[in-house]
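Engineer: work_7.txt (compact mmCIF, C-alpha atoms) pasted underneath:
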```
# COMPACT_ATOMS: atom_id res chain seq x y z
CA MET A 1203 88.61 94.31 105.86
CA ALA A 1204 85.60 92.82 108.64
CA GLU A 1205 89.01 91.61 113.63
CA ILE A 1206 91.06 91.71 116.80
CA SER A 1207 94.62 90.97 117.70
CA PRO A 1208 94.80 87.21 118.08
CA ALA A 1209 98.33 87.14 119.42
CA GLN A 1210 97.21 88.64 122.68
CA GLY A 1211 94.62 85.97 123.35
CA ALA A 1212 94.82 82.33 122.46
CA GLY A 1213 97.33 82.89 119.64
CA THR A 1214 101.08 82.99 120.20
CA ASP A 1215 104.20 82.71 118.14
CA ALA A 1216 104.75 79.18 119.33
CA GLN A 1217 104.37 76.81 116.43
CA PRO A 1218 104.60 73.13 115.59
CA ALA A 1219 107.64 71.79 113.76
CA THR A 1220 105.80 70.79 110.59
CA PRO A 1221 102.52 72.66 109.94
CA SER A 1222 100.39 71.21 107.17
CA PRO A 1223 101.05 72.69 103.71
CA TRP A 1224 97.28 72.97 103.37
CA LEU A 1225 97.28 75.62 106.09
CA TYR A 1226 99.39 77.89 103.89
CA VAL A 1227 97.04 77.23 100.99
CA LEU A 1228 94.08 78.26 103.14
CA LEU A 1229 95.92 81.33 104.45
CA ALA A 1230 96.65 82.34 100.86
CA THR A 1231 92.89 82.56 100.30
CA VAL A 1232 92.50 85.12 103.10
CA PRO A 1233 93.98 88.14 101.26
CA LEU A 1234 91.97 87.08 98.21
CA THR A 1235 88.81 87.02 100.33
CA TRP A 1236 89.45 90.31 102.12
CA GLY A 1237 90.80 91.97 98.98
CA PHE A 1238 87.62 91.07 97.12
CA ASN A 1239 85.63 92.88 99.84
CA PHE A 1240 86.40 96.13 98.07
CA ILE A 1241 84.92 94.77 94.85
CA SER A 1242 81.84 93.32 96.55
CA LEU A 1243 81.02 96.60 98.26
CA LYS A 1244 81.36 98.53 95.02
CA VAL A 1245 78.83 96.16 93.44
CA LEU A 1246 76.46 96.22 96.42
CA LYS A 1247 76.53 100.02 96.46
CA GLN A 1248 74.23 99.91 93.43
CA ASP A 1249 71.48 98.14 95.42
CA PHE A 1250 71.99 99.06 99.09
CA SER A 1251 72.54 102.01 101.36
CA VAL A 1252 75.33 101.64 103.95
CA TYR A 1253 73.11 100.55 106.83
CA GLY A 1254 70.72 98.58 104.64
CA LEU A 1255 73.72 96.53 103.53
CA LEU A 1256 74.99 96.09 107.09
CA SER A 1257 71.56 94.96 108.25
CA ALA A 1258 71.44 92.28 105.56
CA ARG A 1259 75.06 91.28 106.20
CA TYR A 1260 74.63 90.82 109.93
CA ALA A 1261 71.41 88.85 109.55
CA LEU A 1262 73.52 86.23 107.73
CA MET A 1263 76.87 86.69 109.43
CA VAL A 1264 75.93 86.45 113.11
CA VAL A 1265 74.08 83.16 112.76
CA ALA A 1266 77.10 81.66 111.01
CA LEU A 1267 79.53 83.10 113.57
CA LEU A 1268 77.57 81.74 116.54
CA ALA A 1269 77.30 78.31 114.93
CA THR A 1270 81.02 78.27 114.08
CA ALA A 1271 82.13 79.41 117.53
CA TRP A 1272 79.93 76.80 119.20
CA ALA A 1273 81.15 74.03 116.89
CA ILE A 1274 84.81 74.90 117.57
CA GLU A 1275 84.74 75.88 121.27
CA ARG A 1276 81.51 74.43 122.73
CA ASP A 1277 81.40 77.36 125.12
CA LEU A 1278 80.06 80.86 124.49
CA THR A 1279 79.87 82.12 128.08
CA ILE A 1280 81.14 85.56 129.11
CA ARG A 1281 81.56 86.38 132.80
CA ARG A 1282 79.16 88.95 134.23
CA GLU A 1283 81.89 91.41 135.24
CA HIS A 1284 83.10 91.67 131.64
CA TRP A 1285 79.81 92.56 130.01
CA ARG A 1286 80.00 96.33 130.56
CA TYR A 1287 83.39 96.54 128.89
CA LEU A 1288 82.25 94.20 126.11
CA LEU A 1289 79.22 96.37 125.35
CA GLY A 1290 81.30 99.55 125.08
CA PHE A 1291 83.93 97.78 123.03
CA ALA A 1292 81.30 96.43 120.63
CA PHE A 1293 79.74 99.87 120.18
CA VAL A 1294 82.99 101.44 118.98
CA THR A 1295 84.54 98.54 117.10
CA VAL A 1296 81.44 97.16 115.40
CA ILE A 1297 78.54 99.62 115.35
CA VAL A 1298 80.64 102.73 114.62
CA TYR A 1299 83.43 101.03 112.71
CA GLN A 1300 81.32 98.96 110.32
CA GLY A 1301 79.36 101.97 109.08
CA THR A 1302 82.57 103.95 108.70
CA PHE A 1303 84.32 101.16 106.80
CA ALA A 1304 81.43 100.52 104.40
CA ALA A 1305 81.00 104.23 103.64
CA GLY A 1306 84.76 104.56 103.15
CA VAL A 1307 84.77 101.77 100.56
CA PHE A 1308 81.78 103.32 98.78
CA TYR A 1309 83.58 106.63 98.30
CA THR A 1310 87.21 105.66 97.65
CA LEU A 1311 89.14 103.76 95.02
CA ALA A 1312 89.89 100.17 96.03
CA ALA A 1313 93.64 100.88 96.12
CA GLU A 1314 93.08 103.76 98.53
CA GLY A 1315 90.57 102.06 100.78
CA SER A 1316 92.43 98.78 101.13
CA LEU A 1317 95.71 100.54 101.89
CA LEU A 1318 94.23 102.97 104.40
CA ILE A 1319 92.47 100.22 106.36
CA SER A 1320 95.62 98.08 106.31
CA THR A 1321 97.57 100.81 108.11
CA ALA A 1322 95.79 99.90 111.36
CA PRO A 1323 98.95 98.32 112.90
CA ILE A 1324 100.76 101.65 112.59
CA TRP A 1325 97.87 103.53 114.22
CA ALA A 1326 97.84 100.90 116.98
CA LEU A 1327 101.49 101.60 117.74
CA VAL A 1328 100.75 105.33 117.90
CA ILE A 1329 97.74 104.82 120.19
CA ASN A 1330 99.78 102.62 122.54
CA ARG A 1331 102.56 105.20 122.63
CA VAL A 1332 100.14 108.09 123.32
CA LEU A 1333 98.56 106.11 126.17
CA GLY A 1334 102.00 105.34 127.57
CA TRP A 1335 101.43 101.58 127.31
CA GLU A 1336 104.43 100.89 125.07
CA ARG A 1337 107.63 102.51 123.94
CA LEU A 1338 108.53 102.55 120.27
CA THR A 1339 111.84 101.12 119.15
CA ARG A 1340 113.90 103.00 116.59
CA ARG A 1341 112.85 100.52 113.94
CA GLN A 1342 109.20 101.05 114.82
CA VAL A 1343 109.64 104.82 114.64
CA VAL A 1344 111.21 104.52 111.18
CA GLY A 1345 108.46 102.14 110.08
CA THR A 1346 105.75 104.44 111.40
CA ILE A 1347 107.22 107.48 109.64
CA LEU A 1348 107.49 105.55 106.37
CA GLY A 1349 103.92 104.35 106.83
CA PHE A 1350 102.60 107.89 107.21
CA VAL A 1351 104.63 109.07 104.21
CA GLY A 1352 103.03 106.29 102.18
CA ILE A 1353 99.56 107.17 103.46
CA ALA A 1354 100.09 110.80 102.49
CA ALA A 1355 101.21 109.73 99.00
CA VAL A 1356 98.12 107.54 98.54
CA ILE A 1357 95.78 110.33 99.65
CA LEU A 1358 97.48 113.09 97.66
CA GLY A 1359 97.79 110.85 94.62
CA GLY A 1360 94.09 110.08 94.86
CA LEU A 1361 93.22 113.76 94.74
CA GLU A 1362 94.91 113.90 91.33
CA ALA A 1363 93.03 110.90 89.91
CA THR A 1364 90.80 111.66 86.94
CA GLU A 1365 88.02 109.14 87.61
CA VAL A 1366 87.05 108.90 91.28
CA PRO A 1367 83.87 108.03 93.22
CA GLU A 1368 81.48 110.75 94.33
CA HIS A 1369 82.32 112.42 97.67
CA HIS A 1370 85.90 111.28 97.16
CA VAL A 1371 87.55 113.58 99.72
CA PHE A 1372 84.96 112.57 102.32
CA GLY A 1373 85.70 108.92 101.50
CA LEU A 1374 89.44 109.39 102.04
CA ALA A 1375 88.86 111.09 105.38
CA ILE A 1376 86.39 108.52 106.65
CA MET A 1377 88.52 105.57 105.55
CA THR A 1378 91.45 107.05 107.45
CA LEU A 1379 89.16 107.20 110.47
CA ALA A 1380 88.20 103.57 109.84
CA GLY A 1381 91.88 102.63 110.01
CA ILE A 1382 92.18 104.36 113.39
CA LEU A 1383 89.04 102.61 114.66
CA TRP A 1384 90.40 99.29 113.42
CA ALA A 1385 93.60 99.95 115.37
CA SER A 1386 91.52 100.72 118.47
CA TYR A 1387 89.94 97.31 118.01
CA ALA A 1388 93.32 95.63 118.56
CA VAL A 1389 94.51 97.94 121.33
CA PHE A 1390 91.40 97.81 123.48
CA SER A 1391 90.72 94.11 122.95
CA ARG A 1392 93.63 93.28 125.24
CA PRO A 1393 91.64 93.07 128.52
CA LEU A 1394 89.12 90.71 126.93
CA LEU A 1395 91.76 88.56 125.25
CA GLN A 1396 93.32 87.86 128.64
CA HIS A 1397 90.21 85.81 129.43
CA TYR A 1398 88.68 84.65 126.13
CA SER A 1399 89.75 83.39 122.73
CA PRO A 1400 89.76 85.78 119.76
CA LEU A 1401 86.96 83.79 118.11
CA LYS A 1402 84.70 84.09 121.17
CA VAL A 1403 85.33 87.84 121.50
CA THR A 1404 84.75 88.35 117.78
CA THR A 1405 81.53 86.36 117.89
CA TRP A 1406 80.10 88.28 120.83
CA ILE A 1407 80.98 91.80 119.71
CA HIS A 1408 79.41 91.14 116.30
CA THR A 1409 76.35 89.61 117.94
CA ILE A 1410 75.97 92.70 120.12
CA GLY A 1411 76.55 94.92 117.10
CA ALA A 1412 73.92 93.01 115.15
CA LEU A 1413 71.30 93.85 117.79
CA VAL A 1414 71.73 97.50 116.73
CA LEU A 1415 72.76 97.29 113.08
CA ILE A 1416 69.99 94.92 111.96
CA PRO A 1417 67.02 97.00 113.21
CA VAL A 1418 68.66 100.33 112.28
CA GLY A 1419 69.18 99.22 108.68
CA ALA A 1420 66.08 97.03 108.42
CA PRO A 1421 63.83 99.66 106.74
CA ALA A 1422 66.45 100.26 104.05
CA ALA A 1423 67.10 96.52 103.65
CA LEU A 1424 63.38 95.77 103.35
CA SER A 1425 62.98 98.46 100.70
CA VAL A 1426 65.33 96.52 98.41
CA ASN A 1427 63.55 94.55 95.69
CA TRP A 1428 65.03 91.21 96.73
CA ALA A 1429 63.14 89.26 94.05
CA GLU A 1430 64.93 91.25 91.33
CA LEU A 1431 68.33 91.46 93.01
CA PRO A 1432 70.92 90.46 90.39
CA ALA A 1433 72.76 87.18 90.89
CA VAL A 1434 76.08 89.03 91.12
CA SER A 1435 74.72 91.10 94.02
CA TRP A 1436 73.62 87.93 95.84
CA LEU A 1437 77.08 86.45 95.38
CA CYS A 1438 78.74 89.63 96.63
CA LEU A 1439 76.44 89.73 99.68
CA ILE A 1440 77.26 86.11 100.51
CA HIS A 1441 80.95 86.86 100.08
CA PHE A 1442 80.84 89.97 102.27
CA SER A 1443 78.76 88.24 104.96
CA LEU A 1444 80.03 84.68 105.13
CA LEU A 1445 83.38 84.37 103.36
CA ALA A 1446 84.93 87.65 104.51
CA GLY A 1447 83.00 87.80 107.79
CA VAL A 1448 83.33 84.20 109.00
CA TYR A 1449 85.49 81.91 106.86
CA ALA A 1450 88.50 84.24 106.63
CA PHE A 1451 88.58 84.85 110.39
CA VAL A 1452 88.45 81.16 111.25
CA VAL A 1453 91.36 80.46 108.87
CA TRP A 1454 93.27 83.48 110.17
CA TYR A 1455 93.02 82.44 113.81
CA ARG A 1456 93.97 78.86 112.91
CA GLY A 1457 97.08 80.28 111.26
CA VAL A 1458 97.96 82.36 114.31
CA ALA A 1459 97.55 79.35 116.60
CA THR A 1460 99.55 77.04 114.31
CA ILE A 1461 102.39 79.02 112.72
CA GLY A 1462 102.39 82.12 114.92
CA SER A 1463 101.20 85.68 114.50
CA SER A 1464 104.38 87.04 112.91
CA LYS A 1465 104.14 84.66 109.94
CA THR A 1466 100.38 84.91 109.63
CA VAL A 1467 100.38 88.71 109.46
CA LEU A 1468 102.53 88.55 106.31
CA PHE A 1469 99.42 87.45 104.42
CA GLN A 1470 97.72 90.71 105.50
CA TYR A 1471 100.21 92.71 103.46
CA CYS A 1472 98.83 91.17 100.28
CA VAL A 1473 95.33 92.62 100.79
CA PRO A 1474 96.01 96.11 99.27
CA ILE A 1475 97.85 94.50 96.35
CA VAL A 1476 95.03 92.04 95.70
CA ALA A 1477 92.34 94.74 96.02
CA THR A 1478 94.20 97.07 93.65
CA MET A 1479 94.69 94.37 91.01
CA LEU A 1480 91.09 93.12 91.23
CA ALA A 1481 89.71 96.66 91.00
CA TYR A 1482 91.84 97.31 87.92
CA LEU A 1483 90.78 94.07 86.21
CA LEU A 1484 87.10 94.03 87.21
CA LEU A 1485 86.15 97.68 87.72
CA GLY A 1486 88.66 99.50 85.57
CA GLU A 1487 89.97 101.53 88.54
CA VAL A 1488 93.44 102.83 87.77
CA PRO A 1489 95.52 104.17 90.70
CA THR A 1490 97.88 107.04 89.99
CA ALA A 1491 101.64 106.48 89.90
CA VAL A 1492 101.98 108.37 93.19
CA GLN A 1493 99.46 106.03 94.80
CA VAL A 1494 101.30 102.93 93.60
CA ILE A 1495 104.53 104.30 95.09
CA GLY A 1496 102.66 105.17 98.28
CA ILE A 1497 101.33 101.62 98.60
CA GLY A 1498 104.86 100.25 98.31
CA VAL A 1499 106.29 102.69 100.85
CA THR A 1500 103.48 102.00 103.31
CA LEU A 1501 103.92 98.23 103.09
CA VAL A 1502 107.64 98.61 103.77
CA GLY A 1503 106.84 100.81 106.77
CA LEU A 1504 104.26 98.31 108.04
CA ASN A 1505 106.75 95.47 107.81
CA LEU A 1506 109.38 97.43 109.73
CA ALA A 1507 106.95 98.58 112.42
CA VAL A 1508 105.30 95.21 112.94
CA SER A 1509 108.23 92.82 112.60
CA SER A 1510 110.37 94.77 115.09
CA SER A 1511 108.11 93.75 117.93
CA ARG A 1512 105.99 90.62 117.95
CA ARG A 1513 104.12 91.97 120.92
CA ALA A 1514 103.18 95.29 119.31
CA ALA A 1515 99.50 95.95 119.94
CA GLY A 1516 98.49 96.14 116.31
CA ALA A 1517 100.92 93.67 114.85
CA GLU A 1518 98.40 90.96 114.16
CA ILE A 1519 95.30 92.82 113.11
CA PRO A 1520 93.48 90.85 110.48
CA GLY A 1521 91.32 92.19 107.74
CA GLU A 1522 87.69 93.34 107.52
```
In structure tokens, what does this structure look like?

Structural biologist:
Amino acid sequence: MAEISPAQGAGTDAQPATPSPWLYVLLATVPLTWGFNFISLKVLKQDFSVYGLLSARYALMVVALLATAWAIERDLTIRREHWRYLLGFAFVTVIVYQGTFAAGVFYTLAAEGSLLISTAPIWALVINRVLGWERLTRRQVVGTILGFVGIAAVILGGLEATEVPEHHVFGLAIMTLAGILWASYAVFSRPLLQHYSPLKVTTWIHTIGALVLIPVGAPAALSVNWAELPAVSWLCLIHFSLLAGVYAFVVWYRGVATIGSSKTVLFQYCVPIVATMLAYLLLGEVPTAVQVIGIGVTLVGLNLAVSSSRRAAGAEIPGE
């Protein structure tokens, strides 16, 4: 997926009367981009370790993010009193999360991984309720219960699959954790988004994360035989780093600012469907019938939970 809740910062549900049709065309490419992440990582698994891949990704991604943020906003400053919180936030939501997400994709089927990471809005509602920050409406409660029923069906159905990645059970567990971490991203971004745009916060937390992820994974990245890296691996690395990591976020935030978060988040629901179809067509991954049902139930639950409150903490979480 890579990532914060834009509705709580610069984005709102206010919208112009006639948004350009091209905006919807661009937004339609976002689930395709994020859905293809699960294919790219499967391909890159053949050439990279988790942190070797992240080191290479961030070497490309951060430069592009900084350039994009500067071109759009012309201001990258963060006030001194916010740096301590920003550093802690970046540690959890980039350094820990990115390794968890990549490992989860390595060791799960695309249908499982994409669905489990897309349940972040439900986890965000639960986190907010546990912290006492928000009360759940009846519709949100029903949506959350349906979401967890769907998650259980996807996990249990995956255990019955005949052809699964190595360390499959570990992959399911760690991708569930990734979904919770992704939800924490939206919940705990709220103090920062009161002062800065989503793009600026995203740029800085990934820049901070890169200062750790690049050197940690550098030995593994340097051990890769780059001269003999297949063309398809180069394309997947560029996709994972620049298209999924920069392009999709810029389009997503433009959608939030133009047509509102409630309409933009509908495109997020397509990510598990896209990932499942691409994995079937390109990798031959076949989800079980129980998993397909679970995906449907979870998406219904997500829609109920998110649409019932436009101000829900996790309602506008974008992809990876």

Engineer: Using only C-alpha atoms, which residues of region 1413-1515 of chain A come within 10 Å of region 1253-1256 of chain A, and what is the closest atom pair for each, with the distance in Å to one decimal? Give it as JSON lines, sorted by chain and residue number.

Structural biologist:
```
{"residue": "A:Leu1415", "atom": "CA", "partner": "A:Leu1256", "partner_atom": "CA", "distance": 6.5}
{"residue": "A:Ile1416", "atom": "CA", "partner": "A:Leu1256", "partner_atom": "CA", "distance": 7.1}
{"residue": "A:Pro1417", "atom": "CA", "partner": "A:Gly1254", "partner_atom": "CA", "distance": 9.5}
{"residue": "A:Val1418", "atom": "CA", "partner": "A:Tyr1253", "partner_atom": "CA", "distance": 7.0}
{"residue": "A:Gly1419", "atom": "CA", "partner": "A:Gly1254", "partner_atom": "CA", "distance": 4.4}
{"residue": "A:Ala1420", "atom": "CA", "partner": "A:Gly1254", "partner_atom": "CA", "distance": 6.2}
{"residue": "A:Pro1421", "atom": "CA", "partner": "A:Gly1254", "partner_atom": "CA", "distance": 7.3}
{"residue": "A:Ala1422", "atom": "CA", "partner": "A:Gly1254", "partner_atom": "CA", "distance": 4.6}
{"residue": "A:Ala1423", "atom": "CA", "partner": "A:Gly1254", "partner_atom": "CA", "distance": 4.3}
{"residue": "A:Leu1424", "atom": "CA", "partner": "A:Gly1254", "partner_atom": "CA", "distance": 8.0}
{"residue": "A:Ser1425", "atom": "CA", "partner": "A:Gly1254", "partner_atom": "CA", "distance": 8.7}
{"residue": "A:Val1426", "atom": "CA", "partner": "A:Gly1254", "partner_atom": "CA", "distance": 8.5}
{"residue": "A:Leu1439", "atom": "CA", "partner": "A:Leu1255", "partner_atom": "CA", "distance": 8.3}
{"residue": "A:Phe1442", "atom": "CA", "partner": "A:Leu1256", "partner_atom": "CA", "distance": 9.7}
{"residue": "A:Ser1443", "atom": "CA", "partner": "A:Leu1256", "partner_atom": "CA", "distance": 9.0}
```

Engineer: Give me the residues within 10 Å of Ala1355 (chain A) as number ranges by chain, counting all atoms listed in the file and dropping any in the same chain fewer than 5 places off.

Structural biologist: A: 1349-1350, 1360-1361, 1490-1497, 1499-1500

Engineer: Would you compute the distance between CA of Gln1342 (chain A) and CA of Ser1320 (chain A)? Give it in Å to one decimal.

Structural biologist: 16.3 Å

Engineer: Can you list, as a list in words, every protein, DNA or RNA residue that comes within 7 Å of region 1454-1457 of chain A when you count only C-alpha atoms, leaving out same-chain residues fewer than 5 positions away?

Structural biologist: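 Final neighbour list, sorted by chain and number: Pro1208, Leu1225, Leu1229, Gly1462 and Thr1466 of chain A.
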
Engineer: Using all atoms listed in the file, determine which residues lie at most 8 Å from Ser1386 (chain A), disregarding the query and same-chain residues fewer than 3 positions distant; provide the list as a PyMOL selection string.

Structural biologist: chain A and resi 1295+1326+1329+1382-1383+1389-1390

Engineer: Compile the contact shell of region 1266-1276 of chain A as a list in words: residues with an atom at most 8 Å away, counting all atoms listed in the file, same-chain residues fewer than 5 positions apart removed.

Structural biologist: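 My reading of the contact set: Leu1401, Lys1402, Thr1405, Leu1444 and Val1448 of chain A.
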
Engineer: Could you tell me how far CA of Phe1372 (chain A) lies from CA of Leu1311 (chain A), in Å and to one decimal?

Structural biologist: 12.2 Å

Engineer: Please, what distance in Å, to one decimal, runs between CA of Thr1478 (chain A) and CA of Ala1313 (chain A)?

Structural biologist: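 CA of Ala1313 (chain A) lies at a distance of 4.6 Å from CA of Thr1478 (chain A).
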
Engineer: Please determine, counting all atoms listed in the file, which residue among A:Gly1345, A:Ala1312, A:Thr1235, A:Val1252 has the shortest atom-to-atom distance to Leu1484 (chain A).

Structural biologist: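 Of all the options, A:Ala1312 lies closest to Leu1484 (chain A).
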
Engineer: Between A:Ala1258, A:Ala1481, A:Val1264, A:Val1343, which is the closest to Gly1447 (chain A) once you count only C-alpha atoms?

Structural biologist: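 The closest residue to Gly1447 (chain A) is A:Val1264.
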
Engineer: Please determine, counting only C-alpha atoms, which residue among A:Ala1446, A:Ala1261, A:Ile1324, A:Ile1347 has the shortest atom-to-atom distance to Gly1381 (chain A).

Structural biologist: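 So, comparing all the options, the nearest one is A:Ile1324.
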
Engineer: Just add N, CA and C atoms to region 1217-1236 of chain A and send it as a CSV table (one decimal), in the coordinates of the input.

Structural biologist:
```csv
chain,number,residue,atom,x,y,z
A,1217,GLN,N,104.9,77.5,117.6
A,1217,GLN,CA,104.4,76.8,116.4
A,1217,GLN,C,104.9,75.4,116.4
A,1218,PRO,N,104.1,74.5,115.7
A,1218,PRO,CA,104.6,73.1,115.6
A,1218,PRO,C,105.7,73.0,114.6
A,1219,ALA,N,106.5,71.9,114.6
A,1219,ALA,CA,107.6,71.8,113.8
A,1219,ALA,C,107.2,71.7,112.3
A,1220,THR,N,106.2,71.0,112.0
A,1220,THR,CA,105.8,70.8,110.6
A,1220,THR,C,104.3,71.1,110.4
A,1221,PRO,N,103.9,72.3,110.2
A,1221,PRO,CA,102.5,72.7,109.9
A,1221,PRO,C,102.1,72.1,108.6
A,1222,SER,N,100.9,71.8,108.4
A,1222,SER,CA,100.4,71.2,107.2
A,1222,SER,C,100.5,72.2,106.0
A,1223,PRO,N,101.0,71.8,104.9
A,1223,PRO,CA,101.0,72.7,103.7
A,1223,PRO,C,99.7,73.3,103.4
A,1224,TRP,N,98.6,72.5,103.7
A,1224,TRP,CA,97.3,73.0,103.4
A,1224,TRP,C,96.9,74.2,104.2
A,1225,LEU,N,97.5,74.4,105.3
A,1225,LEU,CA,97.3,75.6,106.1
A,1225,LEU,C,97.7,76.8,105.3
A,1226,TYR,N,98.9,76.8,104.7
A,1226,TYR,CA,99.4,77.9,103.9
A,1226,TYR,C,98.5,78.1,102.7
A,1227,VAL,N,98.0,77.1,102.1
A,1227,VAL,CA,97.0,77.2,101.0
A,1227,VAL,C,95.8,78.0,101.4
A,1228,LEU,N,95.3,77.6,102.6
A,1228,LEU,CA,94.1,78.3,103.1
A,1228,LEU,C,94.4,79.7,103.5
A,1229,LEU,N,95.6,80.0,104.1
A,1229,LEU,CA,95.9,81.3,104.4
A,1229,LEU,C,96.1,82.2,103.2
A,1230,ALA,N,96.5,81.6,102.1
A,1230,ALA,CA,96.6,82.3,100.9
A,1230,ALA,C,95.3,82.8,100.3
A,1231,THR,N,94.2,82.1,100.7
A,1231,THR,CA,92.9,82.6,100.3
A,1231,THR,C,92.4,83.8,101.1
A,1232,VAL,N,93.0,84.0,102.3
A,1232,VAL,CA,92.5,85.1,103.1
A,1232,VAL,C,92.7,86.5,102.4
A,1233,PRO,N,93.9,86.8,101.9
A,1233,PRO,CA,94.0,88.1,101.3
A,1233,PRO,C,93.1,88.2,100.0
A,1234,LEU,N,92.9,87.1,99.3
A,1234,LEU,CA,92.0,87.1,98.2
A,1234,LEU,C,90.5,87.4,98.7
A,1235,THR,N,90.2,86.8,99.8
A,1235,THR,CA,88.8,87.0,100.3
A,1235,THR,C,88.6,88.5,100.8
A,1236,TRP,N,89.6,88.9,101.6
A,1236,TRP,CA,89.4,90.3,102.1
A,1236,TRP,C,89.7,91.3,101.0
```
